[in-house]
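Student: This is coords.cif, which holds mmCIF, C-alpha atoms and all ligand atoms:
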```
data_work
#
loop_
_atom_site.label_atom_id
_atom_site.label_comp_id
_atom_site.auth_asym_id
_atom_site.auth_seq_id
_atom_site.Cartn_x
_atom_site.Cartn_y
_atom_site.Cartn_z
CA MET A 17 4.62 21.08 35.10
CA ASP A 18 2.91 18.08 36.57
CA ALA A 19 -0.43 19.67 37.10
CA ARG A 20 -1.89 16.32 36.16
CA THR A 21 -4.83 15.48 38.40
CA PRO A 22 -4.81 11.73 39.06
CA LEU A 23 -7.67 9.78 37.51
CA ILE A 24 -8.95 6.57 39.06
CA ALA A 25 -11.27 4.84 36.61
CA GLY A 26 -13.37 1.73 37.16
CA ASN A 27 -14.16 -0.64 34.31
CA TRP A 28 -17.20 -2.63 35.36
CA LYS A 29 -16.99 -4.83 32.25
CA MET A 30 -20.04 -7.12 31.78
CA PHE A 31 -21.11 -7.08 35.42
CA LYS A 32 -24.15 -5.69 37.28
CA THR A 33 -27.78 -5.23 36.29
CA PRO A 34 -29.01 -1.64 35.87
CA GLN A 35 -30.46 -1.81 39.40
CA GLU A 36 -27.22 -3.09 40.93
CA ALA A 37 -25.17 -0.57 38.98
CA ALA A 38 -27.32 2.38 40.10
CA ARG A 39 -27.16 1.19 43.71
CA ASP A 40 -23.36 0.75 43.62
CA ALA A 41 -22.80 4.05 41.82
CA ALA A 42 -24.81 5.87 44.49
CA ALA A 43 -22.84 4.09 47.23
CA LEU A 44 -19.53 5.02 45.58
CA ALA A 45 -20.59 8.65 45.17
CA GLU A 46 -21.28 8.77 48.91
CA LEU A 47 -17.99 7.04 49.82
CA VAL A 48 -15.83 9.43 47.78
CA LYS A 49 -17.78 12.58 48.58
CA GLY A 50 -15.38 15.36 49.57
CA VAL A 51 -12.26 13.54 48.35
CA GLU A 52 -10.16 16.16 46.64
CA GLY A 53 -7.29 16.14 44.17
CA VAL A 54 -8.38 13.05 42.28
CA ASP A 55 -10.84 12.51 39.44
CA VAL A 56 -13.02 9.41 39.57
CA MET A 57 -14.81 7.70 36.69
CA ILE A 58 -16.82 4.49 36.38
CA ALA A 59 -17.69 2.70 33.16
CA PRO A 60 -20.69 0.36 33.44
CA THR A 61 -22.34 -1.56 30.59
CA PHE A 62 -24.40 0.32 28.00
CA ALA A 63 -27.66 -0.81 29.64
CA CYS A 64 -26.59 0.79 32.92
CA LEU A 65 -25.51 4.19 31.59
CA VAL A 66 -28.76 6.08 32.07
CA PRO A 67 -29.63 4.73 35.54
CA VAL A 68 -26.03 5.27 36.67
CA ALA A 69 -26.04 8.82 35.27
CA GLN A 70 -29.15 9.46 37.37
CA ALA A 71 -27.56 7.91 40.45
CA LEU A 72 -24.48 10.10 40.01
CA GLU A 73 -26.39 13.37 39.63
CA GLY A 74 -24.80 16.03 41.82
CA SER A 75 -21.72 13.86 42.41
CA ALA A 76 -18.19 14.48 41.12
CA VAL A 77 -17.92 10.87 39.91
CA ALA A 78 -17.81 10.88 36.10
CA LEU A 79 -19.51 8.39 33.82
CA GLY A 80 -17.79 6.52 31.02
CA ALA A 81 -18.69 3.86 28.46
CA GLN A 82 -16.59 0.81 27.66
CA ASN A 83 -16.73 1.12 23.87
CA MET A 84 -18.41 3.04 21.04
CA HIS A 85 -18.84 3.01 17.25
CA TRP A 86 -17.08 5.59 15.08
CA GLU A 87 -20.15 6.60 13.06
CA THR A 88 -22.67 8.97 14.59
CA GLU A 89 -25.65 6.81 13.54
CA GLY A 90 -26.61 4.21 10.96
CA ALA A 91 -27.36 0.57 10.27
CA TYR A 92 -24.91 -0.89 12.80
CA THR A 93 -26.93 -3.33 14.86
CA GLY A 94 -25.86 -3.54 18.46
CA GLU A 95 -23.67 -0.43 18.41
CA LEU A 96 -23.77 2.99 20.10
CA SER A 97 -22.27 6.24 18.90
CA GLY A 98 -20.36 9.02 20.61
CA PRO A 99 -23.25 11.51 20.52
CA MET A 100 -25.55 8.83 21.99
CA LEU A 101 -23.12 8.20 24.85
CA LYS A 102 -22.83 11.92 25.46
CA ALA A 103 -26.63 12.26 25.54
CA ALA A 104 -26.82 9.35 28.01
CA GLY A 105 -24.59 11.32 30.39
CA CYS A 106 -21.09 10.05 29.57
CA SER A 107 -18.05 12.28 29.68
CA HIS A 108 -15.54 9.49 28.98
CA VAL A 109 -15.23 6.41 26.80
CA ILE A 110 -12.72 3.56 27.05
CA ILE A 111 -11.34 2.60 23.65
CA GLY A 112 -9.29 -0.40 22.57
CA HIS A 113 -9.45 -2.38 25.80
CA SER A 114 -7.48 -5.59 25.37
CA GLU A 115 -10.63 -7.67 25.82
CA ARG A 116 -12.15 -5.86 22.85
CA ARG A 117 -8.97 -6.41 20.84
CA GLN A 118 -8.81 -10.07 21.87
CA TYR A 119 -12.46 -11.13 21.57
CA PHE A 120 -14.15 -8.59 19.29
CA GLY A 121 -11.66 -7.92 16.51
CA GLU A 122 -10.67 -4.43 17.62
CA THR A 123 -7.59 -3.26 15.72
CA ASP A 124 -5.38 -0.18 15.88
CA GLU A 125 -7.30 1.03 12.82
CA THR A 126 -10.74 0.80 14.46
CA VAL A 127 -9.27 2.24 17.64
CA ASN A 128 -8.03 5.21 15.63
CA LYS A 129 -11.47 5.81 14.09
CA LYS A 130 -13.15 5.52 17.47
CA ILE A 131 -10.78 7.96 19.16
CA LYS A 132 -11.37 10.52 16.42
CA ALA A 133 -15.13 10.07 16.76
CA ALA A 134 -15.00 10.24 20.57
CA LEU A 135 -13.09 13.53 20.56
CA GLU A 136 -15.42 14.85 17.87
CA ALA A 137 -18.38 14.04 20.13
CA GLY A 138 -16.76 15.89 23.04
CA LEU A 139 -15.93 12.74 25.00
CA LYS A 140 -12.64 12.13 26.77
CA ALA A 141 -11.06 9.08 25.17
CA VAL A 142 -9.22 6.53 27.32
CA LEU A 143 -6.97 4.68 24.88
CA CYS A 144 -5.87 1.27 26.18
CA ILE A 145 -2.60 -0.23 25.05
CA GLY A 146 -0.40 -3.01 26.35
CA GLU A 147 1.67 -6.05 25.49
CA THR A 148 0.88 -9.74 25.91
CA GLU A 149 3.00 -12.00 28.09
CA GLU A 150 4.62 -13.53 25.01
CA GLU A 151 5.54 -10.09 23.67
CA ARG A 152 7.07 -9.13 27.02
CA ASP A 153 9.05 -12.37 27.14
CA GLN A 154 10.35 -11.64 23.65
CA GLU A 155 11.35 -8.13 24.80
CA LYS A 156 8.95 -6.55 22.34
CA THR A 157 7.02 -4.46 24.89
CA LEU A 158 8.24 -1.05 23.78
CA ASN A 159 7.79 -1.90 20.08
CA VAL A 160 4.21 -2.97 20.74
CA LEU A 161 3.44 0.21 22.69
CA ASP A 162 5.08 2.34 19.99
CA LYS A 163 2.95 0.76 17.25
CA GLN A 164 -0.31 0.86 19.22
CA LEU A 165 0.24 4.55 20.02
CA LYS A 166 1.35 5.59 16.54
CA ASP A 167 -1.42 3.70 14.74
CA GLY A 168 -4.08 4.39 17.36
CA LEU A 169 -3.35 8.13 17.42
CA LYS A 170 -2.68 8.58 13.70
CA ASP A 171 -3.80 12.05 12.57
CA ILE A 172 -5.28 12.84 15.96
CA PHE A 173 -4.84 16.29 17.41
CA PRO A 174 -6.93 16.52 20.56
CA GLY A 175 -8.23 20.04 20.33
CA SER A 176 -10.96 19.79 22.91
CA GLY A 177 -8.89 20.57 25.99
CA GLU A 178 -5.66 19.23 27.29
CA ASP A 179 -7.27 16.38 29.20
CA ALA A 180 -9.34 15.07 26.26
CA LEU A 181 -7.01 12.13 25.74
CA VAL A 182 -6.04 9.65 28.44
CA VAL A 183 -3.77 6.68 27.80
CA ALA A 184 -4.08 3.51 29.86
CA TYR A 185 -1.09 1.18 29.92
CA GLU A 186 -2.53 -2.26 30.59
CA PRO A 187 -0.13 -5.18 30.19
CA VAL A 188 -2.46 -7.92 28.98
CA TRP A 189 -0.80 -10.50 31.26
CA ALA A 190 -1.71 -8.40 34.30
CA ILE A 191 -5.42 -7.98 33.54
CA GLY A 192 -7.64 -10.02 35.81
CA THR A 193 -4.75 -12.35 36.64
CA GLY A 194 -3.69 -11.00 40.01
CA LYS A 195 -0.23 -10.33 38.50
CA THR A 196 0.76 -6.67 38.59
CA ALA A 197 3.64 -5.10 36.72
CA THR A 198 6.24 -3.99 39.23
CA ASP A 199 6.26 -0.26 39.91
CA ASP A 200 9.51 -0.03 37.93
CA GLN A 201 8.19 -2.01 34.95
CA ALA A 202 5.12 0.22 34.88
CA GLN A 203 7.16 3.42 35.21
CA GLU A 204 9.47 2.33 32.38
CA ALA A 205 6.46 1.77 30.09
CA HIS A 206 4.80 5.02 31.15
CA ALA A 207 7.93 7.09 30.56
CA PHE A 208 8.24 5.52 27.12
CA ILE A 209 4.59 6.26 26.34
CA ARG A 210 5.09 9.90 27.32
CA LYS A 211 8.12 10.09 25.05
CA VAL A 212 6.11 8.75 22.10
CA LEU A 213 3.24 11.11 22.93
CA ALA A 214 5.71 14.02 22.76
CA GLU A 215 6.71 12.92 19.25
CA LEU A 216 3.08 12.59 18.18
CA LEU A 217 1.35 15.45 19.97
CA GLY A 218 4.10 17.79 21.08
CA LYS A 219 5.82 18.19 24.43
CA ASP A 220 3.13 20.26 26.15
CA LEU A 221 0.32 17.85 25.42
CA ALA A 222 2.51 14.89 26.33
CA LYS A 223 3.21 16.51 29.69
CA SER A 224 -0.42 17.18 30.44
CA THR A 225 -1.80 13.83 29.22
CA ARG A 226 -2.69 11.41 31.98
CA ILE A 227 -1.28 7.91 31.66
CA LEU A 228 -3.09 5.35 33.80
CA TYR A 229 -1.81 1.95 34.83
CA GLY A 230 -4.17 -1.00 34.63
CA GLY A 231 -3.71 -4.62 35.60
CA SER A 232 -4.79 -6.05 38.96
CA VAL A 233 -4.74 -2.67 40.71
CA LYS A 234 -5.99 -2.96 44.29
CA PRO A 235 -5.91 -0.96 47.53
CA ALA A 236 -2.63 -2.66 48.51
CA ASN A 237 -0.63 -1.66 45.41
CA ILE A 238 -2.08 1.66 44.24
CA ALA A 239 0.02 3.95 46.46
CA ALA A 240 3.33 2.46 45.29
CA LEU A 241 2.26 2.70 41.65
CA MET A 242 1.12 6.30 42.14
CA SER A 243 4.47 7.24 43.67
CA LYS A 244 6.06 6.88 40.22
CA PRO A 245 6.44 10.13 38.29
CA ASP A 246 4.71 9.06 35.07
CA ILE A 247 1.84 7.09 36.61
CA ASP A 248 -1.17 9.38 36.81
CA GLY A 249 -3.88 7.03 37.95
CA GLY A 250 -5.37 3.60 37.49
CA LEU A 251 -7.81 1.78 35.27
CA VAL A 252 -9.29 -0.77 37.62
CA GLY A 253 -11.33 -3.82 36.66
CA GLY A 254 -12.12 -6.43 39.32
CA ALA A 255 -11.37 -4.20 42.30
CA SER A 256 -13.72 -1.48 41.03
CA LEU A 257 -16.83 -3.66 41.35
CA ASP A 258 -17.17 -3.28 45.10
CA PRO A 259 -17.77 0.41 46.02
CA GLU A 260 -15.92 0.15 49.35
CA THR A 261 -12.81 -1.44 47.79
CA PHE A 262 -12.82 0.99 44.88
CA SER A 263 -13.20 3.96 47.23
CA GLN A 264 -10.06 2.78 49.06
CA ILE A 265 -8.18 2.91 45.75
CA VAL A 266 -9.55 6.40 45.11
CA LYS A 267 -8.28 7.44 48.54
CA PHE A 268 -4.78 6.07 47.88
CA GLN A 269 -2.96 9.14 49.24
C1 LIG B 301 -9.19 -3.82 33.19
O1 LIG B 301 -10.17 -4.47 32.87
O2 LIG B 301 -8.95 -2.79 32.57
C2 LIG B 301 -8.35 -4.29 34.28
C3 LIG B 301 -7.22 -3.68 34.49
O3 LIG B 301 -8.82 -5.37 35.01
P1 LIG B 301 -8.25 -5.89 36.42
O4 LIG B 301 -8.08 -4.67 37.31
O5 LIG B 301 -9.30 -6.82 36.93
O6 LIG B 301 -6.94 -6.54 36.16
#
```
What's the structure tokens form of this structure?

Tutor:
Amino acid sequence: MDARTPLIAGNWKMFKTPQEAARDAAALAELVKGVEGVDVMIAPTFACLVPVAQALEGSAVALGAQNMHWETEGAYTGELSGPMLKAAGCSHVIIGHSERRQYFGETDETVNKKIKAALEAGLKAVLCIGETEEERDQEKTLNVLDKQLKDGLKDIFPGSGEDALVVAYEPVWAIGTGKTATDDQAQEAHAFIRKVLAELLGKDLAKSTRILYGGSVKPANIAALMSKPDIDGGLVGGASLDPETFSQIVKFQ
């Protein structure tokens, strides 16, 4: 087993103009050129998708979006659909990021609809889950992860290849705070997630599904996280914004 290729994904959140994003994407593509054995993805804002797709042409760096709507088209002002993201050059989409859950009313139900729609559109879906600090303090972490996985993946059978679904474990208290889960805390959560995935999707798919860790990942902590058996990569926010820093994370080995 363990043919899981690590994935290092950058979430650029609401940063960079289209010009800055295209420039930084081109710089990153150059910095990681020739790096083998690791997949790389960056997710800029919607406005940056097309210029970044152009900047990444011929590069192995994949393009992702940070969100999508579950319908293919319609009267949904301000939204974008899976087929639109695909046509803009995306191969991936992040779904259910804690900032979307916290500030934009994302629920496990909308996450579920979006994952279905993403897979339908032929996008790889990066499902984000994770507990708040309060939930961790109350020892509810595993219950929260169990619920987010079971509700988020309800009636989902990724049929479009064994790497169509990616799960990102992102403890909310570690996002943008400089606090990182210890390698052991992260491994415990990842092993649990894989166990739930086996119940939901079957053992084979659970084994081949990549589970990323997210929460203040940086060049100094990525190698230790990646040494854990169930950690298959990172979803990186702040430290993905600078191409040089992000390329160091990509080259963790
Ligand atoms: C994120 O936004 O997914 C994230 C993990 O952010 P940061 O790396 O800045 O904590």

Student: How big is the axis-aligned box around all listed atoms of stretch 223-228 of chain A once 8 Å goes on each side, and where's its centre, in Å to one decimal, as lines of an AutoDock Vina configuration file?

Tutor:
```
center_x = 0.1
center_y = 11.3
center_z = 31.5
size_x = 22.3
size_y = 27.8
size_z = 20.6
```

Student: Of the residues A:Leu158, A:Cys144, A:Ile247, A:Ala81, which is the one nearest to ligand LIG 301 (chain B), using only C-alpha atoms and all ligand atoms?

Tutor: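 Smallest distance to ligand LIG 301 (chain B) is found for A:Cys144.
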
Student: Hey, could you make a per-residue contact list for chain A against ligand LIG 301 (chain B) with 7 Å as the cut-off, showing the nearest pair of atoms and its distance in Å to one decimal, counting all atoms listed in the file, sorted by chain and number, as a Markdown table?

Tutor:
```
| residue | atom | partner | partner_atom | distance |
| --- | --- | --- | --- | --- |
| A:Asn27 | CA | B:LIG301 | O1 | 5.7 |
| A:Lys29 | CA | B:LIG301 | O1 | 6.9 |
| A:His113 | CA | B:LIG301 | O2 | 6.8 |
| A:Glu186 | CA | B:LIG301 | C3 | 6.3 |
| A:Ala190 | CA | B:LIG301 | O6 | 5.9 |
| A:Ile191 | CA | B:LIG301 | O6 | 3.4 |
| A:Gly192 | CA | B:LIG301 | O6 | 3.6 |
| A:Thr193 | CA | B:LIG301 | O6 | 6.2 |
| A:Gly194 | CA | B:LIG301 | O6 | 6.7 |
| A:Gly230 | CA | B:LIG301 | C3 | 4.1 |
| A:Gly231 | CA | B:LIG301 | O6 | 3.8 |
| A:Ser232 | CA | B:LIG301 | O6 | 3.6 |
| A:Val233 | CA | B:LIG301 | O4 | 5.2 |
| A:Leu251 | CA | B:LIG301 | O2 | 5.4 |
| A:Val252 | CA | B:LIG301 | O4 | 4.1 |
| A:Gly253 | CA | B:LIG301 | O3 | 3.4 |
| A:Gly254 | CA | B:LIG301 | O5 | 3.7 |
| A:Ala255 | CA | B:LIG301 | O4 | 6.0 |
```

Student: Rounded to one decimal place, report the atom CA of A:Val127-atom CA of A:Gly112 distance in Å.

Tutor: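 Atom-to-atom, atom CA of A:Val127 to atom CA of A:Gly112, that is 5.6 Å.
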
Student: I'd like the neighbourhood of stretch 98-104 of chain A as a ChimeraX atom specification, where a residue qualifies if any of its atoms comes within 7 Å (using only C-alpha atoms), though same-chain residues fewer than 5 positions away should be ignored.

Tutor: /A:65-66,84,88,133-134,137,139

Student: Counting only C-alpha atoms, what are the residues of stretch 158-205 of chain A within 8 Å of stretch 148-153 of chain A, and for each of them which pair of atoms is the nearest and at what distance in Å, to one decimal? Sort the table by chain and rising number, as a Markdown table.

Tutor:
```
| residue | atom | partner | partner_atom | distance |
| --- | --- | --- | --- | --- |
| A:Val160 | CA | A:Glu151 | CA | 7.8 |
| A:Pro187 | CA | A:Thr148 | CA | 6.3 |
| A:Val188 | CA | A:Thr148 | CA | 4.9 |
| A:Trp189 | CA | A:Glu149 | CA | 5.2 |
```

Student: Nearest to A:Asp55: which of A:Asp258, A:Asp179, A:Asp246, A:Asp200 is it, counting only C-alpha atoms?

Tutor: A:Asp179

Student: Can you measure atom CA of A:Asn83 to atom CA of A:Ser97 for me? One decimal in Å is fine.

Tutor: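 Atom CA of A:Ser97 lies at a distance of 9.0 Å from atom CA of A:Asn83.
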
Student: Between atom CA of A:Tyr185 and atom CA of A:Leu165, what distance in Å does the model show, to one decimal?

Tutor: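 About the pair atom CA of A:Tyr185 and atom CA of A:Leu165: they are 10.5 Å apart.
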
Student: Would you list the residues near (-4.4, 1.8, 13.0), meaning any protein, DNA or RNA residue with an atom at most 12 Å from that point in file coordinates, counting only C-alpha atoms, as an mmCIF file with C-alpha atoms, keeping the file's coordinate frame?

Tutor:
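Done, and the output landed in selection_8.cif:
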```
data_model
loop_
_atom_site.group_PDB
_atom_site.id
_atom_site.type_symbol
_atom_site.label_atom_id
_atom_site.label_comp_id
_atom_site.auth_asym_id
_atom_site.auth_seq_id
_atom_site.Cartn_x
_atom_site.Cartn_y
_atom_site.Cartn_z
ATOM 1 C CA GLY A 112 -9.290 -0.400 22.570
ATOM 2 C CA GLU A 122 -10.670 -4.430 17.620
ATOM 3 C CA THR A 123 -7.590 -3.260 15.720
ATOM 4 C CA ASP A 124 -5.380 -0.180 15.880
ATOM 5 C CA GLU A 125 -7.300 1.030 12.820
ATOM 6 C CA THR A 126 -10.740 0.800 14.460
ATOM 7 C CA VAL A 127 -9.270 2.240 17.640
ATOM 8 C CA ASN A 128 -8.030 5.210 15.630
ATOM 9 C CA LYS A 129 -11.470 5.810 14.090
ATOM 10 C CA LYS A 130 -13.150 5.520 17.470
ATOM 11 C CA ILE A 131 -10.780 7.960 19.160
ATOM 12 C CA LYS A 132 -11.370 10.520 16.420
ATOM 13 C CA ASP A 162 5.080 2.340 19.990
ATOM 14 C CA LYS A 163 2.950 0.760 17.250
ATOM 15 C CA GLN A 164 -0.310 0.860 19.220
ATOM 16 C CA LEU A 165 0.240 4.550 20.020
ATOM 17 C CA LYS A 166 1.350 5.590 16.540
ATOM 18 C CA ASP A 167 -1.420 3.700 14.740
ATOM 19 C CA GLY A 168 -4.080 4.390 17.360
ATOM 20 C CA LEU A 169 -3.350 8.130 17.420
ATOM 21 C CA LYS A 170 -2.680 8.580 13.700
ATOM 22 C CA ASP A 171 -3.800 12.050 12.570
ATOM 23 C CA ILE A 172 -5.280 12.840 15.960
#
```

Student: Name the residues in contact with A:Ile24 at a cut-off of 7 Å, using all atoms listed in the file, excluding same-chain residues fewer than 6 positions from it; report them as a ChimeraX atom specification.

Tutor: /A:55-57,249-251,266

Student: Fewer than 3 positions away in the same chain doesn't count, so skip those; otherwise give me all residues within 12 Å of stretch 19-23 of chain A, counting all atoms listed in the file, as a PDB file with C-alpha atoms, in the frame of the given file.

Tutor:
```pdb
ATOM      1  CA  GLY A  26     -13.370   1.730  37.160  1.00  0.00           C
ATOM      2  CA  GLU A  52     -10.160  16.160  46.640  1.00  0.00           C
ATOM      3  CA  GLY A  53      -7.290  16.140  44.170  1.00  0.00           C
ATOM      4  CA  VAL A  54      -8.380  13.050  42.280  1.00  0.00           C
ATOM      5  CA  ASP A  55     -10.840  12.510  39.440  1.00  0.00           C
ATOM      6  CA  VAL A  56     -13.020   9.410  39.570  1.00  0.00           C
ATOM      7  CA  MET A  57     -14.810   7.700  36.690  1.00  0.00           C
ATOM      8  CA  ILE A  58     -16.820   4.490  36.380  1.00  0.00           C
ATOM      9  CA  VAL A  77     -17.920  10.870  39.910  1.00  0.00           C
ATOM     10  CA  ALA A  78     -17.810  10.880  36.100  1.00  0.00           C
ATOM     11  CA  HIS A 108     -15.540   9.490  28.980  1.00  0.00           C
ATOM     12  CA  VAL A 142      -9.220   6.530  27.320  1.00  0.00           C
ATOM     13  CA  GLU A 178      -5.660  19.230  27.290  1.00  0.00           C
ATOM     14  CA  ASP A 179      -7.270  16.380  29.200  1.00  0.00           C
ATOM     15  CA  VAL A 182      -6.040   9.650  28.440  1.00  0.00           C
ATOM     16  CA  VAL A 183      -3.770   6.680  27.800  1.00  0.00           C
ATOM     17  CA  ALA A 184      -4.080   3.510  29.860  1.00  0.00           C
ATOM     18  CA  ASP A 220       3.130  20.260  26.150  1.00  0.00           C
ATOM     19  CA  LEU A 221       0.320  17.850  25.420  1.00  0.00           C
ATOM     20  CA  ALA A 222       2.510  14.890  26.330  1.00  0.00           C
ATOM     21  CA  LYS A 223       3.210  16.510  29.690  1.00  0.00           C
ATOM     22  CA  SER A 224      -0.420  17.180  30.440  1.00  0.00           C
ATOM     23  CA  THR A 225      -1.800  13.830  29.220  1.00  0.00           C
ATOM     24  CA  ARG A 226      -2.690  11.410  31.980  1.00  0.00           C
ATOM     25  CA  ILE A 227      -1.280   7.910  31.660  1.00  0.00           C
ATOM     26  CA  LEU A 228      -3.090   5.350  33.800  1.00  0.00           C
ATOM     27  CA  TYR A 229      -1.810   1.950  34.830  1.00  0.00           C
ATOM     28  CA  GLY A 230      -4.170  -1.000  34.630  1.00  0.00           C
ATOM     29  CA  ILE A 238      -2.080   1.660  44.240  1.00  0.00           C
ATOM     30  CA  ALA A 239       0.020   3.950  46.460  1.00  0.00           C
ATOM     31  CA  LEU A 241       2.260   2.700  41.650  1.00  0.00           C
ATOM     32  CA  MET A 242       1.120   6.300  42.140  1.00  0.00           C
ATOM     33  CA  SER A 243       4.470   7.240  43.670  1.00  0.00           C
ATOM     34  CA  LYS A 244       6.060   6.880  40.220  1.00  0.00           C
ATOM     35  CA  PRO A 245       6.440  10.130  38.290  1.00  0.00           C
ATOM     36  CA  ASP A 246       4.710   9.060  35.070  1.00  0.00           C
ATOM     37  CA  ILE A 247       1.840   7.090  36.610  1.00  0.00           C
ATOM     38  CA  ASP A 248      -1.170   9.380  36.810  1.00  0.00           C
ATOM     39  CA  GLY A 249      -3.880   7.030  37.950  1.00  0.00           C
ATOM     40  CA  GLY A 250      -5.370   3.600  37.490  1.00  0.00           C
ATOM     41  CA  LEU A 251      -7.810   1.780  35.270  1.00  0.00           C
ATOM     42  CA  VAL A 252      -9.290  -0.770  37.620  1.00  0.00           C
ATOM     43  CA  ILE A 265      -8.180   2.910  45.750  1.00  0.00           C
ATOM     44  CA  VAL A 266      -9.550   6.400  45.110  1.00  0.00           C
ATOM     45  CA  LYS A 267      -8.280   7.440  48.540  1.00  0.00           C
ATOM     46  CA  PHE A 268      -4.780   6.070  47.880  1.00  0.00           C
ATOM     47  CA  GLN A 269      -2.960   9.140  49.240  1.00  0.00           C
TER      48      GLN A 269
END
```

Student: Need to verify the contact set: A:Gln82, 6 Å, only C-alpha atoms, exclusion of same-chain residues closer than 3 positions in sequence. Can you return it as a PyMOL selection string?

Tutor: chain A and resi 59+109-110

Student: Of the candidates A:Leu96, A:Ala141, A:Ala43, A:Ala37, which shows the shortest atom-to-atom distance to A:Ser263, using all atoms listed in the file?

Tutor: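 With all atoms listed in the file as the atom set, the closest residue is A:Ala43.
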
Student: Near A:Asp40, within 10 Å and counting all atoms listed in the file, which residues show up once chain neighbours fewer than 2 positions away are dropped, as a list in words?

Tutor: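 Once the adjacent positions are removed, what remains is Lys32, Pro34, Gln35, Glu36, Ala37, Ala38, Ala42, Ala43, Leu44, Ala45, Glu46, Val68, Ala71, Leu257, Asp258, Pro259 and Glu260 of chain A.
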